[in-house]
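Trainee: First the structure, then my questions, so here it is.
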Amino acid sequence: MRPDDGLPDLMVSGNPPEPLSADRPRRHGRVTLAVAAAAIGLALVGSFFLRQQRATDPAAPRQVSARETPAEAPSTLAWLSALVARDGTSVTVYAGTSAECGELVQPQAAVVEQDGTRVVIAVKARTGRATDCTTSGGAIPLVVSLPEPLGDRVLRDAATALPPPTYFERDLPGLSSDKRWSPHPGRWASTDDGWFQGYNGAGGSHLLAAARRTAEGGRPATVGTLTIGARKGVITGGAEGSWTLWWALGEVTYSLRLTPAEGSTISLKQFKREMGSLNWN
């Protein structure tokens, strides 16, 4: 008689039955799945710890490419000369580079120091290769505004601490307001510390205003004199070419050269009359 224990009858005789052959592959599959699951778990744990280690390691320095290299800082350059406006509150300084086929990149001028006796102006720029070598090497005008008129104070260069040649519009006739003469762009070498401005007149005549340090000699023979206000000048030249009026103020010599239109001539008397008609106030 079978006890009623609720369990199935696994025994049909006194000896236990042999296991079925289909149970073996099922057990092998369970083992393989367990091993694979363990391997995946170890891989995930290792990846997690590797990420944690990288997060705590100091960052390696980033390699900067040539394009990302910071641009060269502007240098303080010496300037050549200055022109003080008639009202004394605006100064144009001229600077440039003597480098072959070079040009100034983004030049700027500013007042860096001033007191009752001096005004120090600094020019800053980088030097680069000119896009057109045939037009490089010229003096570049840079305008600086002063908080008050320059007066008797001396302009000094921040790069050299020296006073470059300084010229004054007040010592020249007021050609900018004379409708008979039209200024045109001009340029001169960046190694020249003079100042120049050309004007076109009626019929093709030309007038050139210039200023430079007074030097001994080098001037053509005097052919006449002319006094205009406080200015006493001498005249050089001839009717076959051009006439030039020269006058000196301190260490500066100014000049006006009048060239007639091509094929024309002008007499000395006509030249004096033309010079006297200019606005010398």
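Chain identifiers are assigned as A, B, and so on, following the order in which chains appear in the structure tokens; residues are numbered from 1 within each chain, and ligands are numbered from 1 in order of appearance.
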At most 8 Å is the cut-off: for each residue in segment 173-273 of chain A with any atom that close to an atom of segment 69-86 of chain A, write down the nearest atom pair and the distance in Å rounded to one decimal, counting only C-alpha atoms, chain first then increasing number, as JSON lines.

Mentor:
```
{"residue": "A:Ser190", "atom": "CA", "partner": "A:Leu80", "partner_atom": "CA", "distance": 7.6}
{"residue": "A:Thr191", "atom": "CA", "partner": "A:Leu80", "partner_atom": "CA", "distance": 7.4}
{"residue": "A:Asp192", "atom": "CA", "partner": "A:Leu80", "partner_atom": "CA", "distance": 7.3}
{"residue": "A:Asp193", "atom": "CA", "partner": "A:Leu80", "partner_atom": "CA", "distance": 5.0}
{"residue": "A:Gly194", "atom": "CA", "partner": "A:Ser81", "partner_atom": "CA", "distance": 6.8}
{"residue": "A:Trp195", "atom": "CA", "partner": "A:Ser81", "partner_atom": "CA", "distance": 7.6}
```

Trainee: From a DSSP calculation on the backbone, collect every residue of segment 61-246 of chain A in strand (DSSP E or B) and output the set as number ranges by chain.

Mentor: A: 75-77, 81-84, 90-95, 102-114, 118-129, 138, 140-145, 154-157, 166-168, 182-184, 189, 195-200, 206-213, 222-228, 231-237, 243-246

Trainee: Give me the residues near segment 115-117 of chain A as a list in words, where near means some atom within 8 Å (using only C-alpha atoms) and where sequence neighbours in that chain fewer than 4 positions away do not count.

Mentor: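 Those residues are Asp152, Arg153 and Val154 of chain A.
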
Trainee: Using Å and a single decimal, report how far atom CA of Thr97 of chain A sits from atom CA of Gly137 of chain A.

Mentor: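 Spanning atom CA of Gly137 of chain A to atom CA of Thr97 of chain A is a straight-line distance of 6.3 Å.
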